[in-house]
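Data first, discussion second: the structure below is written as C-alpha cells.
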Amino acid sequence: MKKTNNSEKKKKKKKKISFFTILCVIADLCVVLFFLLVYGPVGNFKQWWITTALETGHHKYFANVLYTDSEIEKVYQDNLVDEVDEDTDVDAITFDNSEKTNYESEYERQILERDKDNDLYKLIEIDEKDYKGYLVAVYDASRISLSPNYKHNFLPDIAKANKAKVAINAGGFTNTNMIPKGTVIRNGKVYSVGSRNTHGGGFIGFTKDNVLMLTTSSAEKAIKNGMRDAVQFGPFLIVNGKSAKINGSGNTDANRTAIGQRKDGIVLLLVIDGRGANGSKGISYKEMIALFERYKAYNAANLDGGGSSTLVINGKIVNNPRGYGYSGDRYLPNGWIVK
C-alpha cells in the first residue's frame, strides 16, 4: 500500500480548513453588509424602508422591525409633502371644453381630441420608462359620482351595480371590516364616519356644480359650501394651479390612483400600476404632480393606492392591480363612477 506523505496530508487538511473559513467569511460579510445597509451612513435604504412601510395602509409596523420610533419620525419629517394651504377656488373652473383643431401640445391633443362616437370619456395610455397605467379624460363632470359604501365588493361589481361606464377606486378603508377611513359624503349628506385619515389632504369630491373641490374644512362646512360627494384622503397634489412641495423623496414608488380637474372642467382619472406589474415600478407623488401638470390639471389629489388601484371600463378591469403577495383586484368600500 502506498503511504501518504506528510505534505499530502497537510494539503488535504489545508483545503478542509479553507472551505470552512470561506463559509465563515461569507457569513461575516453578510452580517456586516446587513448592518451597513440598515444602520450605515448611506440613508437610501433606511428612507426606502421607512417610507414604504408608512405608505401602506395596514403594514406601518414594518418600520419598527429595523428602526426606532425616533429614527422613523426623523425620516417621516424629512419626507413630508408640503401641501398648498388653500381650498379650491370653485369659480376658477369654466367648463369650456369644446373641441379644437389646433393644439398647444401633444398632451392637449390627447385630451381634447375626442374618440369617435364617445363624447363622455377618452382612455389614454401612460407608458413612461419606469411607470405605466392609464389616464381617463371625462368630459362631463356631472356624470361622476361616488358609489354607495360596499363592505365586500370588487370594483367591476360596484360598476355593474351602478351601471357605470368607468370606475376607479376612491377612499381608504380599514382592512379588517372594510369601513371607509375618514368621513364620506354622498348626495350632500354625511354618509359614514370612519377612523381618522392619516394621508394628509382632506375632503376630495365634487360640488353640486360639478367642480372638483379640495378642502381641509369640516364635513359640515364642506356641505354648506356645496359639496355633494366626497371622501377624505390625500395628500392634495395641486390646488388652484399651485403644486405641493415634495421634501426628500416624498414617498416611494407605488401603485397609485389620483383624480384631477382642468380649468375647462375636464376631469382626469389616473391609475398607475406598480410592484412590477407590466414592468411598472409605480409612481411617486413628485412624478404624479409632473404628470398632472403636463395635462394641465388645476386641482388634483391622491386617492387610495397600493393593491386598491383599479380602473374599470365597461365592466372590465383594464389595468393590472397588484398587492403584497397577490395579483388581481380586491374588495373595495366605494369608488368614483362615471355613468
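Residues in the C-alpha cells are named by chain (A, B, ... in the order shown) and by number from 1 within that chain; ligands are numbered from 1 in the order shown.
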
With 6 Å as the cut-off and only C-alpha atoms counted, what is the closest atom pair between each nearby residue of range 89-138 of chain A and range 254-278 of chain A? Distances in Å to one decimal, ordered by chain and number, as CSV.
```
residue,atom,partner,partner_atom,distance
A:Ile93,CA,A:Lys263,CA,4.6
A:Thr94,CA,A:Asp264,CA,5.2
A:Phe95,CA,A:Gly265,CA,4.3
A:Asp96,CA,A:Asp264,CA,4.8
A:Asn97,CA,A:Asp264,CA,5.2
A:Lys132,CA,A:Ile272,CA,5.8
A:Gly133,CA,A:Ile272,CA,4.1
A:Tyr134,CA,A:Val271,CA,5.5
A:Leu135,CA,A:Leu270,CA,4.6
A:Val136,CA,A:Leu269,CA,5.0
A:Ala137,CA,A:Leu268,CA,4.9
A:Val138,CA,A:Val267,CA,5.0
```

Contacts between range 208-222 of chain A and range 97-188 of chain A, please, where a residue of range 97-188 of chain A counts if it comes within 12 Å (with only C-alpha atoms); show its shortest atom pair and distance in Å to one decimal, rows by chain and ascending number, as CSV.
```
residue,atom,partner,partner_atom,distance
A:Val138,CA,A:Asn210,CA,11.9
A:Tyr139,CA,A:Asn210,CA,11.3
A:Asp140,CA,A:Asn210,CA,8.7
A:Ala141,CA,A:Asn210,CA,5.5
A:Ser142,CA,A:Asn210,CA,5.4
A:Arg143,CA,A:Asn210,CA,8.7
A:Ile144,CA,A:Asn210,CA,8.2
A:Ser145,CA,A:Asn210,CA,9.4
A:Gly182,CA,A:Ala219,CA,10.2
A:Thr183,CA,A:Ala219,CA,7.4
A:Val184,CA,A:Ala219,CA,8.6
A:Ile185,CA,A:Ala219,CA,7.7
A:Arg186,CA,A:Lys208,CA,11.0
A:Asn187,CA,A:Lys208,CA,8.7
A:Gly188,CA,A:Lys208,CA,8.2
```

Write the selection just made, keeping C-alpha atoms, as a short mmCIF file (atom, residue, chain, number, x, y, z; two decimals), in the first residue's frame?
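So the final result, stored in part11.cif, reads:
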```cif
data_model
loop_
_atom_site.label_atom_id
_atom_site.label_comp_id
_atom_site.auth_asym_id
_atom_site.auth_seq_id
_atom_site.Cartn_x
_atom_site.Cartn_y
_atom_site.Cartn_z
CA VAL A 138 -64.06 62.65 -18.53
CA TYR A 139 -65.71 65.47 -20.46
CA ASP A 140 -68.89 65.78 -18.40
CA ALA A 141 -68.19 66.07 -14.66
CA SER A 142 -71.90 65.90 -13.87
CA ARG A 143 -71.75 62.20 -14.78
CA ILE A 144 -69.29 61.46 -11.94
CA SER A 145 -70.49 60.41 -8.51
CA GLY A 182 -62.38 59.32 7.31
CA THR A 183 -65.78 60.83 6.59
CA VAL A 184 -67.71 60.02 3.42
CA ILE A 185 -70.20 62.49 1.91
CA ARG A 186 -72.89 61.39 -0.54
CA ASN A 187 -75.69 63.46 -2.04
CA GLY A 188 -74.84 66.43 0.16
#
```

Excluding Glu83 in chain A and any residue of its chain fewer than 2 positions from it, enumerate the residues within 10 Å of it, using only C-alpha atoms, and give them as a tab-separated table (two decimals) with C-alpha atoms, in the first residue's frame.
```tsv
chain	number	residue	atom	x	y	z
A	80	LEU	CA	-43.19	65.35	4.29
A	81	VAL	CA	-45.38	66.71	1.49
A	85	ASP	CA	-52.62	75.83	2.22
A	86	GLU	CA	-55.72	76.76	0.24
A	200	GLY	CA	-52.87	64.40	4.63
A	201	GLY	CA	-55.21	66.22	2.32
A	234	GLY	CA	-54.71	62.85	0.37
A	235	PRO	CA	-52.33	64.41	0.03
A	236	PHE	CA	-53.54	67.24	-2.16
A	237	LEU	CA	-51.12	67.43	-5.12
A	238	ILE	CA	-52.27	70.61	-6.88
A	239	VAL	CA	-54.62	73.29	-5.56
A	242	LYS	CA	-50.19	75.53	-7.34
A	243	SER	CA	-48.27	72.29	-6.83
A	244	ALA	CA	-47.36	70.78	-3.47
A	245	LYS	CA	-43.69	70.84	-2.44
A	246	ILE	CA	-42.18	67.37	-2.14
```

Do you have, as JSON lines, the list of residues of range 257-329 of chain A lying at most 10 Å from range 157-166 of chain A, each with its nearest atom pair and that distance in Å to one decimal, counting only C-alpha atoms and ordered by chain then number?
```
{"residue": "A:Leu269", "atom": "CA", "partner": "A:Val166", "partner_atom": "CA", "distance": 9.6}
{"residue": "A:Leu311", "atom": "CA", "partner": "A:Val166", "partner_atom": "CA", "distance": 7.5}
{"residue": "A:Val312", "atom": "CA", "partner": "A:Val166", "partner_atom": "CA", "distance": 5.6}
{"residue": "A:Ile313", "atom": "CA", "partner": "A:Val166", "partner_atom": "CA", "distance": 4.7}
{"residue": "A:Asn314", "atom": "CA", "partner": "A:Lys165", "partner_atom": "CA", "distance": 4.7}
{"residue": "A:Gly315", "atom": "CA", "partner": "A:Lys160", "partner_atom": "CA", "distance": 6.3}
{"residue": "A:Lys316", "atom": "CA", "partner": "A:Ala159", "partner_atom": "CA", "distance": 9.3}
{"residue": "A:Ile317", "atom": "CA", "partner": "A:Val166", "partner_atom": "CA", "distance": 9.8}
```

Please compute the CA of Ile179 in chain A-CA of Lys224 in chain A distance, one decimal, in Å. 25.0 Å

For a quick check of understanding, using only C-alpha atoms, which of A:Glu99, A:Asp82, A:Asp130, A:Asp119 has the smallest distance to Glu287 in chain A? A:Asp130

Quick check, in Å to one decimal: how far apart do CA of Gly282 in chain A and CA of Ala300 in chain A lie? 18.1 Å

When DSSP is applied to the backbone of this structure, which of range 154-185 of chain A are assigned helix (DSSP H, G or I)? Write them out as a PyMOL selection string. chain A and resi 155-161

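All residues of protein, DNA or RNA that reach within 6 Å of Ile168 in chain A, judged by only C-alpha atoms and not counting those fewer than 6 positions away in the chain, are Thr310, Leu311, Gly335 and Trp336 of chain A.
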
Under the rule that only C-alpha atoms are counted, which of A:Lys151, A:Asn240, A:Ser309, A:Phe233 is the nearest residue to Asp91 in chain A? A:Asn240

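Among the candidates A:Ile337, A:Ala297, A:Val231, A:Leu303, the one nearest to Tyr285 in chain A when counting only C-alpha atoms is A:Leu303.
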
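What separates CA of Tyr298 in chain A from CA of Asn319 in chain A is a distance of 25.2 Å.
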
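Compared by their closest atoms to Ile126 in chain A, and using only C-alpha atoms, the residues A:Pro156, A:His199, A:Ser280, A:Lys339 rank with A:Ser280 nearest.
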